[in-house]
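Contents: one structure, followed by commentary.
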Amino acid sequence: MNKTSGIISYINGPVVKGEKMASYTMREMVLVGEKKLIGEVVSIENGIGTVQVYEETEGLSLGGEIESTGKPLSLKLGPGLLGNIFDGIQRPLMKIEEINENFIPEGVGLISLDLEKKWDAKITIEVGDELKPGDIYALVQETKLIEHRLMVPIGVRGKVVKKVKDGSYNIEKAIIELEDESGKKFELKMCSEWPVRVPRKIKERMKISKPLITGQRVLDIFFPIAKGGTAAIPGGFGTGKTMTQHQLAKWSDADIIVYIGCGERGNEMTDVLEEFPKLIDPKSNRPLMERTILIANTSNMPVAAREASIYTGVTLAEYYRDMGYHVAIMADSTSRWAEALREISGRLEEMPAEEGYPAYLPSRLAEFYERAGYVRNLNGSEGSVTIIGAVSPAGGDFSEPVTENTKRFVNAFLALDKRLAYARHYPSINWLNSYSGYVKILEDWYAENVSLHVMDLRNEIMHLLHEEAKLTDIVQLVGEDVLPDSQRLILEIAKIIKVGFLQQNAFHKEDTYVPIMKQFLMLSLIKYLYDKADFGIKKGIPISKVKNAELFDKVVKVKYTVPNDELRLINNITNEIDEFYEELYRKYEQVEA
């Protein structure tokens with residue numbers, strides 16, 4: 001037994017303690033027992049180390065060895081990430097299926113990227129060039145959609161003294177050799193490693209100024225998410241969290257998607273794994289998987305790996321961000337991740353805080369969400385990581401600790417509503433309980449790229465929806481007939497806003513994704529109809545005449561009847577509104593005369 005090996009003295013599920021571990025370091029990756037299970041040191045006290053094991057510990061026995069690896073839990077970063085499906089610690093599930101068809105065997109090791117596969121590399125530097133961390137030294141066409149840019153690792157710099165020719169190489173092949181001022185040499189391969197819990201280095205954080213365009217009307221106009229921003233989608237069972245995230249993954253204008261299925265039910269994750277490879281990227285007509293990485297850590301997989309899965313996801317996202325890409329992370333769901341924290345914390349015998357969660361839950365959530373951002377990279381390019389986390393509060397109770405603490409660290413809160421979901425109103429985002437802190441920040445972008453009036457229009461429509469909510473309470477008590485016509489009109493227009501604008505059909509060709517300009521014109525049309533009808537009511541025309549059912553219905557159906565590439569057709573409906581109300585005004589003026 002070598003001198004660095006600890007000896008297992010205690011086993012409690014994924015928590016293992018070992019003696020003779022004084023020489024180990026915190027967060028060091030270790031190999032536990034005969035099967036060399038992968039674990040991480042989480043505490044060391046009086047020579048006794050506590051290890052969090054990322055695999056099933058069934059069959060582990062006392063007296064076994066805990067071997068040091070001398071490095072923290074790290075990911076292998078290089079070509080082969082896109083289109084792949086990993087578990088929570090970056091082991092490829094498709095490769096593991098070849099080894100064992102039905103389940104992940106213990107001790108399969110820390111396999112990650114395919115070391116044999118060859119990639120066509122184009123070397124972009126010359127002998128004699130000075131390279132520093134972040135500089136791009138080779139390009140690989142990883143998929144038809146994404147060019148992989150190989151970057152000098154952190155802590156490495158020097159002059160190029162040797163390079164290979166353009167050609168096909170595996171990721172372990174040294175393709176560049178650098179020499180620093182002291183004469184020390186470094187080999188640069190087509191892959192590198194990075195510890196999952198350490199944010200990757202950047203040059204500077206930039207001001208958030210661009211929206212993540214999703215094609216979902218309730219988001220793009222009402223509650224925008226910014227590139228480099230953070231958003232939470234909380235909702236009880238069956239409210240459509242996963243469906244909403246699927247729509248964002250498919251349609252958002254991010255270059256790369258990292259989807260983390262963290263502690264979700266196995267059948268739900270199976271749907272994702274079966275559906276994603278079949279999806280076609282609407283912008284390029286290529287398979288969506290060519291710009292997607294899936295991380296699957298279902299609720300029946302090792303609980304400690306679930307805790308690590310979101311760090312794995314965000315590290316992969318930062319890696320592609322450093323190349324100059326805009327990356328969106330879908331974490332589904334952070335509640336299951338927090339439950340993994342709670343379970344491990346209990347086994348570590350830590351003092352529980354609210355509802356049994358560990359006292360450090362808020363700081364761990366903050367660590368995760370703060371890795372989002374719009375940045376200037378070390379190589380001068382711009383990139384972003386946008387984090388969208390689903391939250392699954394038990395019983396839909398938004399006052400529970402995970403939702404409450406998440407609220408503190410995200411700038412967009414998209415509250416899903418059970419009543420809307422049961423009424424088949426999707427996305428079931430409640431417009432009264434949701435908010436986005438990016439509305440003001442993105443005002444200039446909307447003014448420049450859509451219209452000067454977008455945010456004013458949004459605020460006016462939101463005011464109508466809030467008025468309708470107050471009036472609905474009155475109607476439930478005393479009925480609609482007691483309301484004056486101006487308020488009854490607000491109720492009618494609110495129906496158009498809800499059905500014609502906020503409700504969106506993910507299975508309809510024209511409605512699943514809506515360009516931002518069409519969204520603005522649709523909302524302008526609804527406001528124009530309201531202004532014309534309101535003017536009629538102010539003239540004393542009764543609401544029974546002001547409300548033209550056929551015209552109102554046409555405005556609702558614009559989302560289906562006006563193709564996304566023929567927006568001029570909206571003008572025809574505007575003209576119909578003009579004709580109808582001008583005729584109506586004339587009639588009533590003649591009657592009064």
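We name chains A, B, ... following the order of the structure tokens; residues begin at 1 in each chain, and ligands are numbered from 1 as shown.
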Using backbone DSSP assignments, extract all strand (DSSP E) residues from segment 99-313 of chain A; output them as JSON, numbers by chain.
{"A": [119, 120, 121, 122, 123, 130, 131, 136, 137, 138, 139, 140, 141, 147, 148, 149, 150, 151, 158, 159, 160, 161, 162, 163, 167, 168, 169, 176, 177, 178, 179, 185, 186, 187, 188, 192, 193, 194, 195, 204, 205, 230, 231, 232, 233, 234, 256, 257, 258, 259, 260, 261, 262, 292, 293, 294, 295, 296, 297]}
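Of the listed residues A:Ala138, A:Phe413, A:Ile213, A:Val499, the one whose atoms come nearest to Pro79 of chain A is A:Ala138, with distances taken using only C-alpha atoms.
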So that I can check the surroundings of segment 176-190 of chain A, please list as a PDB file with all heavy atoms, in the first residue's frame every protein, DNA and RNA residue that reaches within 7 Å of it, counting only C-alpha atoms and ignoring chain neighbours fewer than 6 positions away.
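New file part14.pdb:
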ATOM      1  N   GLY A  78     -12.505  19.240 -25.036  1.00  0.00           N
ATOM      2  CA  GLY A  78     -11.945  19.156 -26.382  1.00  0.00           C
ATOM      3  C   GLY A  78     -13.027  18.742 -27.362  1.00  0.00           C
ATOM      4  O   GLY A  78     -14.203  18.619 -26.996  1.00  0.00           O
ATOM      5  N   LEU A 150      -9.416  25.594 -30.384  1.00  0.00           N
ATOM      6  CA  LEU A 150      -8.524  25.094 -29.321  1.00  0.00           C
ATOM      7  C   LEU A 150      -7.726  26.247 -28.741  1.00  0.00           C
ATOM      8  O   LEU A 150      -7.104  27.024 -29.476  1.00  0.00           O
ATOM      9  CB  LEU A 150      -7.590  24.026 -29.888  1.00  0.00           C
ATOM     10  CG  LEU A 150      -8.310  22.767 -30.402  1.00  0.00           C
ATOM     11  CD1 LEU A 150      -7.350  21.871 -31.151  1.00  0.00           C
ATOM     12  CD2 LEU A 150      -8.959  22.009 -29.259  1.00  0.00           C
ATOM     13  N   ARG A 157       2.260  29.792 -21.231  1.00  0.00           N
ATOM     14  CA  ARG A 157       2.576  30.817 -22.225  1.00  0.00           C
ATOM     15  C   ARG A 157       3.983  30.569 -22.747  1.00  0.00           C
ATOM     16  O   ARG A 157       4.779  29.857 -22.128  1.00  0.00           O
ATOM     17  CB  ARG A 157       2.452  32.231 -21.650  1.00  0.00           C
ATOM     18  CG  ARG A 157       3.363  32.543 -20.468  1.00  0.00           C
ATOM     19  CD  ARG A 157       3.245  34.008 -20.061  1.00  0.00           C
ATOM     20  NE  ARG A 157       1.924  34.343 -19.556  1.00  0.00           N
ATOM     21  CZ  ARG A 157       1.181  35.346 -20.030  1.00  0.00           C
ATOM     22  NH1 ARG A 157       1.617  36.090 -21.031  1.00  0.00           N
ATOM     23  NH2 ARG A 157      -0.001  35.604 -19.522  1.00  0.00           N
ATOM     24  N   GLY A 158       4.315  31.131 -23.900  1.00  0.00           N
ATOM     25  CA  GLY A 158       5.660  30.962 -24.435  1.00  0.00           C
ATOM     26  C   GLY A 158       5.686  31.060 -25.948  1.00  0.00           C
ATOM     27  O   GLY A 158       4.681  31.386 -26.589  1.00  0.00           O
ATOM     28  N   LYS A 159       6.845  30.783 -26.515  1.00  0.00           N
ATOM     29  CA  LYS A 159       7.053  30.884 -27.957  1.00  0.00           C
ATOM     30  C   LYS A 159       6.844  29.510 -28.589  1.00  0.00           C
ATOM     31  O   LYS A 159       7.241  28.483 -28.029  1.00  0.00           O
ATOM     32  CB  LYS A 159       8.470  31.381 -28.236  1.00  0.00           C
ATOM     33  CG  LYS A 159       8.764  31.643 -29.715  1.00  0.00           C
ATOM     34  CD  LYS A 159      10.198  32.074 -29.928  1.00  0.00           C
ATOM     35  CE  LYS A 159      10.368  33.544 -29.540  1.00  0.00           C
ATOM     36  NZ  LYS A 159      11.729  34.032 -29.899  1.00  0.00           N
ATOM     37  N   VAL A 160       6.211  29.489 -29.773  1.00  0.00           N
ATOM     38  CA  VAL A 160       5.987  28.235 -30.495  1.00  0.00           C
ATOM     39  C   VAL A 160       7.333  27.756 -31.062  1.00  0.00           C
ATOM     40  O   VAL A 160       7.960  28.469 -31.859  1.00  0.00           O
ATOM     41  CB  VAL A 160       4.963  28.422 -31.645  1.00  0.00           C
ATOM     42  CG1 VAL A 160       4.770  27.107 -32.409  1.00  0.00           C
ATOM     43  CG2 VAL A 160       3.631  28.927 -31.106  1.00  0.00           C
ATOM     44  N   VAL A 161       7.767  26.569 -30.636  1.00  0.00           N
ATOM     45  CA  VAL A 161       9.037  26.029 -31.148  1.00  0.00           C
ATOM     46  C   VAL A 161       8.808  24.844 -32.085  1.00  0.00           C
ATOM     47  O   VAL A 161       9.705  24.456 -32.840  1.00  0.00           O
ATOM     48  CB  VAL A 161       9.983  25.614 -29.990  1.00  0.00           C
ATOM     49  CG1 VAL A 161      10.475  26.833 -29.236  1.00  0.00           C
ATOM     50  CG2 VAL A 161       9.318  24.618 -29.046  1.00  0.00           C
ATOM     51  N   LYS A 162       7.625  24.274 -32.034  1.00  0.00           N
ATOM     52  CA  LYS A 162       7.325  23.136 -32.895  1.00  0.00           C
ATOM     53  C   LYS A 162       5.823  23.079 -33.131  1.00  0.00           C
ATOM     54  O   LYS A 162       5.032  23.400 -32.235  1.00  0.00           O
ATOM     55  CB  LYS A 162       7.782  21.846 -32.204  1.00  0.00           C
ATOM     56  CG  LYS A 162       7.980  20.663 -33.164  1.00  0.00           C
ATOM     57  CD  LYS A 162       8.245  19.383 -32.397  1.00  0.00           C
ATOM     58  CE  LYS A 162       9.641  19.373 -31.772  1.00  0.00           C
ATOM     59  NZ  LYS A 162       9.890  18.069 -31.095  1.00  0.00           N
ATOM     60  N   LYS A 163       5.431  22.675 -34.333  1.00  0.00           N
ATOM     61  CA  LYS A 163       3.991  22.478 -34.607  1.00  0.00           C
ATOM     62  C   LYS A 163       3.838  21.380 -35.643  1.00  0.00           C
ATOM     63  O   LYS A 163       4.756  21.120 -36.433  1.00  0.00           O
ATOM     64  CB  LYS A 163       3.345  23.781 -35.084  1.00  0.00           C
ATOM     65  CG  LYS A 163       3.787  24.236 -36.474  1.00  0.00           C
ATOM     66  CD  LYS A 163       2.830  25.265 -37.047  1.00  0.00           C
ATOM     67  CE  LYS A 163       3.039  25.397 -38.548  1.00  0.00           C
ATOM     68  NZ  LYS A 163       1.954  26.030 -39.229  1.00  0.00           N
ATOM     69  N   VAL A 164       2.689  20.720 -35.620  1.00  0.00           N
ATOM     70  CA  VAL A 164       2.414  19.687 -36.626  1.00  0.00           C
ATOM     71  C   VAL A 164       1.754  20.339 -37.838  1.00  0.00           C
ATOM     72  O   VAL A 164       1.313  21.491 -37.788  1.00  0.00           O
ATOM     73  CB  VAL A 164       1.500  18.581 -36.055  1.00  0.00           C
ATOM     74  CG1 VAL A 164       2.153  17.868 -34.896  1.00  0.00           C
ATOM     75  CG2 VAL A 164       0.136  19.143 -35.655  1.00  0.00           C
TER      76      VAL A 164
END
Can you list every residue of segment 221-331 of chain A that has an atom at most 6 Å from segment 369-381 of chain A, with its nearest atom pair and the distance in Å to one decimal, using only C-alpha atoms, ordered by chain then number, as JSON lines?
{"residue": "A:Gly228", "atom": "CA", "partner": "A:Gly373", "partner_atom": "CA", "distance": 3.9}
{"residue": "A:Gly229", "atom": "CA", "partner": "A:Gly373", "partner_atom": "CA", "distance": 6.0}
{"residue": "A:Asp322", "atom": "CA", "partner": "A:Asn377", "partner_atom": "CA", "distance": 5.6}
{"residue": "A:Gly324", "atom": "CA", "partner": "A:Ser381", "partner_atom": "CA", "distance": 5.2}
Would you output that residue set with N, CA, C and O atoms, as a PDB file, in the first residue's frame?
ATOM      1  N   GLY A 228     -26.365  36.294 -21.207  1.00  0.00           N
ATOM      2  CA  GLY A 228     -25.478  36.461 -20.051  1.00  0.00           C
ATOM      3  C   GLY A 228     -26.256  36.671 -18.775  1.00  0.00           C
ATOM      4  O   GLY A 228     -25.686  36.944 -17.726  1.00  0.00           O
ATOM      5  N   GLY A 229     -27.580  36.535 -18.849  1.00  0.00           N
ATOM      6  CA  GLY A 229     -28.432  36.764 -17.680  1.00  0.00           C
ATOM      7  C   GLY A 229     -28.825  35.470 -16.991  1.00  0.00           C
ATOM      8  O   GLY A 229     -28.375  34.379 -17.345  1.00  0.00           O
ATOM      9  N   ASP A 322     -15.657  30.751 -23.866  1.00  0.00           N
ATOM     10  CA  ASP A 322     -14.299  31.257 -24.043  1.00  0.00           C
ATOM     11  C   ASP A 322     -13.872  31.265 -25.505  1.00  0.00           C
ATOM     12  O   ASP A 322     -12.948  31.979 -25.889  1.00  0.00           O
ATOM     13  N   GLY A 324     -15.856  32.269 -27.793  1.00  0.00           N
ATOM     14  CA  GLY A 324     -16.586  33.363 -28.423  1.00  0.00           C
ATOM     15  C   GLY A 324     -18.022  33.017 -28.775  1.00  0.00           C
ATOM     16  O   GLY A 324     -18.650  33.684 -29.599  1.00  0.00           O
TER      17      GLY A 324
END
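We find atom CA of Pro515 of chain A and atom CA of Glu460 of chain A to be spaced 21.1 Å apart.
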Please list as a PyMOL selection string every residue within 12 Å of Gly238 of chain A, counting only C-alpha atoms and excluding residues in the same chain fewer than 3 positions away.
chain A and resi 234-235+241-244+268+392-396+416-424+426-428
Using only C-alpha atoms, which residues sit within 10 Å of Asn300 of chain A once same-chain residues fewer than 4 positions away are excluded, as a PyMOL selection string?
chain A and resi 263-266+306
Once you have the residues from the selection above, write them out as an mmCIF file, in the first residue's frame, restricted to all heavy atoms.
data_model
loop_
_atom_site.group_PDB
_atom_site.id
_atom_site.type_symbol
_atom_site.label_atom_id
_atom_site.label_comp_id
_atom_site.auth_asym_id
_atom_site.auth_seq_id
_atom_site.Cartn_x
_atom_site.Cartn_y
_atom_site.Cartn_z
ATOM 1 N N GLY A 263 -31.688 15.155 -11.655
ATOM 2 C CA GLY A 263 -32.593 14.549 -10.681
ATOM 3 C C GLY A 263 -34.030 14.434 -11.148
ATOM 4 O O GLY A 263 -34.923 14.206 -10.345
ATOM 5 N N GLU A 264 -34.251 14.570 -12.471
ATOM 6 C CA GLU A 264 -35.624 14.425 -12.983
ATOM 7 C C GLU A 264 -35.995 12.936 -13.057
ATOM 8 O O GLU A 264 -35.134 12.064 -12.991
ATOM 9 C CB GLU A 264 -35.736 15.076 -14.368
ATOM 10 C CG GLU A 264 -35.831 16.592 -14.304
ATOM 11 C CD GLU A 264 -37.003 17.073 -13.461
ATOM 12 O OE1 GLU A 264 -38.159 16.839 -13.854
ATOM 13 O OE2 GLU A 264 -36.778 17.679 -12.406
ATOM 14 N N ARG A 265 -37.290 12.681 -13.237
ATOM 15 C CA ARG A 265 -37.740 11.287 -13.355
ATOM 16 C C ARG A 265 -37.116 10.645 -14.599
ATOM 17 O O ARG A 265 -36.951 11.301 -15.629
ATOM 18 C CB ARG A 265 -39.275 11.247 -13.470
ATOM 19 C CG ARG A 265 -39.978 11.729 -12.240
ATOM 20 C CD ARG A 265 -41.486 11.685 -12.409
ATOM 21 N NE ARG A 265 -41.980 12.565 -13.463
ATOM 22 C CZ ARG A 265 -42.084 13.885 -13.351
ATOM 23 N NH1 ARG A 265 -41.712 14.488 -12.223
ATOM 24 N NH2 ARG A 265 -42.553 14.609 -14.328
ATOM 25 N N GLY A 266 -36.819 9.366 -14.486
ATOM 26 C CA GLY A 266 -36.160 8.660 -15.585
ATOM 27 C C GLY A 266 -36.950 8.711 -16.878
ATOM 28 O O GLY A 266 -36.391 8.940 -17.951
ATOM 29 N N ARG A 306 -25.400 13.857 -8.882
ATOM 30 C CA ARG A 306 -26.428 14.872 -9.184
ATOM 31 C C ARG A 306 -25.975 16.238 -8.679
ATOM 32 O O ARG A 306 -26.153 17.250 -9.333
ATOM 33 C CB ARG A 306 -27.748 14.482 -8.517
ATOM 34 C CG ARG A 306 -28.924 15.356 -8.943
ATOM 35 C CD ARG A 306 -30.121 15.180 -8.039
ATOM 36 N NE ARG A 306 -30.477 13.801 -7.805
ATOM 37 C CZ ARG A 306 -31.429 13.436 -6.940
ATOM 38 N NH1 ARG A 306 -32.070 14.344 -6.239
ATOM 39 N NH2 ARG A 306 -31.703 12.165 -6.759
#
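Excluding segment 561-564 of chain A itself and any same-chain residue fewer than 5 positions from it, the protein and nucleic acid residues within 8 Å of it, counting only C-alpha atoms, are Glu510, Val514, Pro515, Lys518, Leu569 and Ile570 of chain A.
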Selection to disk with all heavy atoms, as a compact mmCIF listing (two decimals), in the first residue's frame:
# COMPACT_ATOMS: atom_id res chain seq x y z
N GLU A 510 -46.70 28.24 -37.50
CA GLU A 510 -46.49 29.69 -37.45
C GLU A 510 -46.36 30.23 -36.02
O GLU A 510 -45.85 31.31 -35.81
CB GLU A 510 -47.67 30.43 -38.13
CG GLU A 510 -47.85 30.14 -39.61
CD GLU A 510 -46.67 30.59 -40.46
OE1 GLU A 510 -45.87 31.43 -39.99
OE2 GLU A 510 -46.52 30.09 -41.59
N VAL A 514 -42.12 32.93 -32.99
CA VAL A 514 -42.64 34.17 -33.58
C VAL A 514 -41.54 35.23 -33.59
O VAL A 514 -40.98 35.56 -32.52
CB VAL A 514 -43.87 34.69 -32.77
CG1 VAL A 514 -44.46 35.93 -33.44
CG2 VAL A 514 -44.92 33.61 -32.66
N PRO A 515 -41.19 35.77 -34.76
CA PRO A 515 -40.16 36.81 -34.81
C PRO A 515 -40.55 38.02 -33.96
O PRO A 515 -41.75 38.32 -33.80
CB PRO A 515 -40.09 37.19 -36.29
CG PRO A 515 -40.78 36.10 -37.02
CD PRO A 515 -41.76 35.49 -36.07
N LYS A 518 -42.99 40.59 -35.48
CA LYS A 518 -44.40 40.16 -35.52
C LYS A 518 -45.02 40.30 -34.13
O LYS A 518 -46.18 40.70 -34.00
CB LYS A 518 -44.51 38.72 -36.02
CG LYS A 518 -45.97 38.26 -36.12
CD LYS A 518 -46.11 36.84 -36.64
CE LYS A 518 -47.56 36.38 -36.63
NZ LYS A 518 -47.73 34.99 -37.05
N LEU A 569 -49.70 41.71 -43.95
CA LEU A 569 -51.11 41.32 -43.87
C LEU A 569 -51.78 41.88 -42.62
O LEU A 569 -53.01 42.00 -42.56
CB LEU A 569 -51.25 39.80 -43.90
CG LEU A 569 -50.79 39.10 -45.19
CD1 LEU A 569 -50.97 37.60 -45.08
CD2 LEU A 569 -51.55 39.63 -46.41
N ILE A 570 -50.97 42.21 -41.60
CA ILE A 570 -51.54 42.80 -40.38
C ILE A 570 -52.19 44.15 -40.70
O ILE A 570 -53.19 44.54 -40.09
CB ILE A 570 -50.46 42.93 -39.28
CG1 ILE A 570 -50.06 41.52 -38.79
CG2 ILE A 570 -50.93 43.78 -38.10
CD1 ILE A 570 -48.96 41.47 -37.77
Give me the residues within 8 Å of segment 81-85 of chain A as a list in words, counting only C-alpha atoms and dropping any in the same chain fewer than 3 places off.
Leu77, Gly78, Pro92, Leu93, Met94, Leu113, Glu142, Thr143, Met289, Glu290, Arg291, Thr292, Ile293, Leu294, Ile295 and Ala296 of chain A
Write a file of the just-selected residues containing all heavy atoms, as a short mmCIF file (atom, residue, chain, number, x, y, z; two decimals), in the first residue's frame.
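This went into again_4.cif:
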data_model
loop_
_atom_site.label_atom_id
_atom_site.label_comp_id
_atom_site.auth_asym_id
_atom_site.auth_seq_id
_atom_site.Cartn_x
_atom_site.Cartn_y
_atom_site.Cartn_z
N LEU A 77 -11.78 18.63 -21.72
CA LEU A 77 -12.41 19.57 -22.65
C LEU A 77 -11.73 19.49 -24.00
O LEU A 77 -10.50 19.65 -24.09
CB LEU A 77 -12.32 20.99 -22.09
CG LEU A 77 -12.93 21.19 -20.69
CD1 LEU A 77 -12.58 22.55 -20.15
CD2 LEU A 77 -14.44 20.99 -20.72
N GLY A 78 -12.50 19.24 -25.04
CA GLY A 78 -11.95 19.16 -26.38
C GLY A 78 -13.03 18.74 -27.36
O GLY A 78 -14.20 18.62 -27.00
N PRO A 92 -19.57 9.41 -20.76
CA PRO A 92 -20.50 9.33 -21.90
C PRO A 92 -21.43 8.13 -21.77
O PRO A 92 -20.97 6.98 -21.73
CB PRO A 92 -19.57 9.21 -23.10
CG PRO A 92 -18.29 8.68 -22.56
CD PRO A 92 -18.19 9.11 -21.13
N LEU A 93 -22.73 8.38 -21.71
CA LEU A 93 -23.70 7.30 -21.48
C LEU A 93 -23.80 6.36 -22.68
O LEU A 93 -24.06 5.16 -22.52
CB LEU A 93 -25.07 7.90 -21.14
CG LEU A 93 -25.11 8.66 -19.81
CD1 LEU A 93 -26.47 9.30 -19.60
CD2 LEU A 93 -24.77 7.76 -18.63
N MET A 94 -23.61 6.88 -23.89
CA MET A 94 -23.70 5.99 -25.06
C MET A 94 -22.53 5.01 -25.08
O MET A 94 -22.68 3.85 -25.45
CB MET A 94 -23.74 6.83 -26.35
CG MET A 94 -25.05 7.58 -26.52
SD MET A 94 -25.20 8.48 -28.07
CE MET A 94 -24.15 9.91 -27.79
N LEU A 113 -14.11 11.77 -23.08
CA LEU A 113 -14.11 11.91 -24.53
C LEU A 113 -13.44 10.72 -25.20
O LEU A 113 -12.61 10.04 -24.60
CB LEU A 113 -13.36 13.20 -24.92
CG LEU A 113 -13.98 14.50 -24.39
CD1 LEU A 113 -13.13 15.69 -24.79
CD2 LEU A 113 -15.41 14.69 -24.88
N GLU A 142 -16.04 20.75 -35.36
CA GLU A 142 -16.57 19.70 -34.48
C GLU A 142 -17.88 19.11 -35.01
O GLU A 142 -18.10 17.90 -35.01
CB GLU A 142 -16.78 20.25 -33.07
CG GLU A 142 -17.15 19.20 -32.07
CD GLU A 142 -17.21 19.73 -30.64
OE1 GLU A 142 -16.90 20.93 -30.41
OE2 GLU A 142 -17.56 18.95 -29.76
N THR A 143 -18.80 20.00 -35.44
CA THR A 143 -20.02 19.57 -36.13
C THR A 143 -20.19 20.51 -37.31
O THR A 143 -19.45 21.49 -37.46
CB THR A 143 -21.27 19.68 -35.21
OG1 THR A 143 -21.54 21.07 -34.96
CG2 THR A 143 -21.06 18.97 -33.88
N MET A 289 -28.88 18.48 -32.15
CA MET A 289 -27.82 17.90 -31.32
C MET A 289 -26.43 18.37 -31.75
O MET A 289 -25.47 18.24 -31.01
CB MET A 289 -27.88 16.37 -31.36
CG MET A 289 -28.94 15.76 -30.46
SD MET A 289 -28.77 16.16 -28.71
CE MET A 289 -27.37 15.15 -28.25
N GLU A 290 -26.32 18.90 -32.97
CA GLU A 290 -25.01 19.36 -33.45
C GLU A 290 -24.54 20.61 -32.69
O GLU A 290 -23.38 21.00 -32.84
CB GLU A 290 -25.05 19.64 -34.96
CG GLU A 290 -25.17 18.36 -35.78
CD GLU A 290 -24.99 18.60 -37.27
OE1 GLU A 290 -24.67 19.74 -37.67
OE2 GLU A 290 -25.16 17.63 -38.04
N ARG A 291 -25.44 21.22 -31.93
CA ARG A 291 -25.02 22.35 -31.10
C ARG A 291 -25.53 22.19 -29.65
O ARG A 291 -25.74 23.16 -28.94
CB ARG A 291 -25.47 23.69 -31.70
CG ARG A 291 -26.97 23.86 -31.88
CD ARG A 291 -27.28 25.21 -32.53
NE ARG A 291 -28.72 25.48 -32.56
CZ ARG A 291 -29.38 26.11 -31.61
NH1 ARG A 291 -28.75 26.54 -30.54
NH2 ARG A 291 -30.67 26.33 -31.72
N THR A 292 -25.72 20.93 -29.25
CA THR A 292 -26.29 20.65 -27.92
C THR A 292 -25.44 19.63 -27.17
O THR A 292 -24.90 18.70 -27.77
CB THR A 292 -27.73 20.08 -28.07
OG1 THR A 292 -28.52 21.03 -28.79
CG2 THR A 292 -28.37 19.83 -26.72
N ILE A 293 -25.31 19.83 -25.85
CA ILE A 293 -24.71 18.84 -24.96
C ILE A 293 -25.78 18.46 -23.93
O ILE A 293 -26.38 19.34 -23.31
CB ILE A 293 -23.47 19.40 -24.22
CG1 ILE A 293 -22.41 19.87 -25.21
CG2 ILE A 293 -22.89 18.36 -23.28
CD1 ILE A 293 -21.27 20.65 -24.57
N LEU A 294 -26.02 17.18 -23.76
CA LEU A 294 -27.01 16.72 -22.76
C LEU A 294 -26.29 16.10 -21.57
O LEU A 294 -25.36 15.30 -21.75
CB LEU A 294 -27.95 15.68 -23.37
CG LEU A 294 -28.89 16.15 -24.50
CD1 LEU A 294 -29.74 14.98 -24.99
CD2 LEU A 294 -29.79 17.28 -24.05
N ILE A 295 -26.72 16.48 -20.38
CA ILE A 295 -26.21 15.87 -19.16
C ILE A 295 -27.39 15.25 -18.44
O ILE A 295 -28.33 15.96 -18.06
CB ILE A 295 -25.49 16.91 -18.27
CG1 ILE A 295 -24.26 17.44 -18.99
CG2 ILE A 295 -25.10 16.30 -16.93
CD1 ILE A 295 -23.59 18.59 -18.33
N ALA A 296 -27.36 13.92 -18.30
CA ALA A 296 -28.50 13.21 -17.70
C ALA A 296 -28.08 12.62 -16.37
O ALA A 296 -27.20 11.77 -16.32
CB ALA A 296 -28.96 12.10 -18.66
#
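Interatomic distance, atom CA of Asp456 of chain A against atom CA of Pro211 of chain A: 17.3 Å.
Taking only C-alpha atoms into account, Asn430 of chain A lies nearest to A:Ile233 out of the set A:Ala304, A:Ala340, A:Ala317, A:Ile233.
Atom CA of Ala390 of chain A sits 17.9 Å away from atom CA of Arg342 of chain A.
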For the contact check between segment 310-350 of chain A and segment 60-76 of chain A, emit one row per residue of segment 310-350 of chain A within 12 Å, containing the shortest atom pair and the distance in Å rounded to one decimal, counting only C-alpha atoms, chain then rising number order, as a Markdown table.
| residue | atom | partner | partner_atom | distance |
| --- | --- | --- | --- | --- |
| A:Tyr311 | CA | A:Leu75 | CA | 10.1 |
| A:Thr312 | CA | A:Leu75 | CA | 7.3 |
| A:Gly313 | CA | A:Leu75 | CA | 10.1 |
| A:Val314 | CA | A:Leu75 | CA | 11.1 |
| A:Thr315 | CA | A:Leu75 | CA | 8.0 |
| A:Leu316 | CA | A:Leu75 | CA | 8.2 |
| A:Ala317 | CA | A:Leu75 | CA | 11.9 |
| A:Glu318 | CA | A:Leu75 | CA | 11.9 |
| A:Tyr319 | CA | A:Leu75 | CA | 10.4 |
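Nearest to Glu468 of chain A of all the residues A:Ala308, A:Leu489, A:Met351, A:Leu567 is A:Leu489, counting only C-alpha atoms.
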Using DSSP on the backbone, list every residue of segment 102-256 of chain A that comes out as alpha helix (DSSP H), and give them as a PyMOL selection string.
chain A and resi 217+241-251
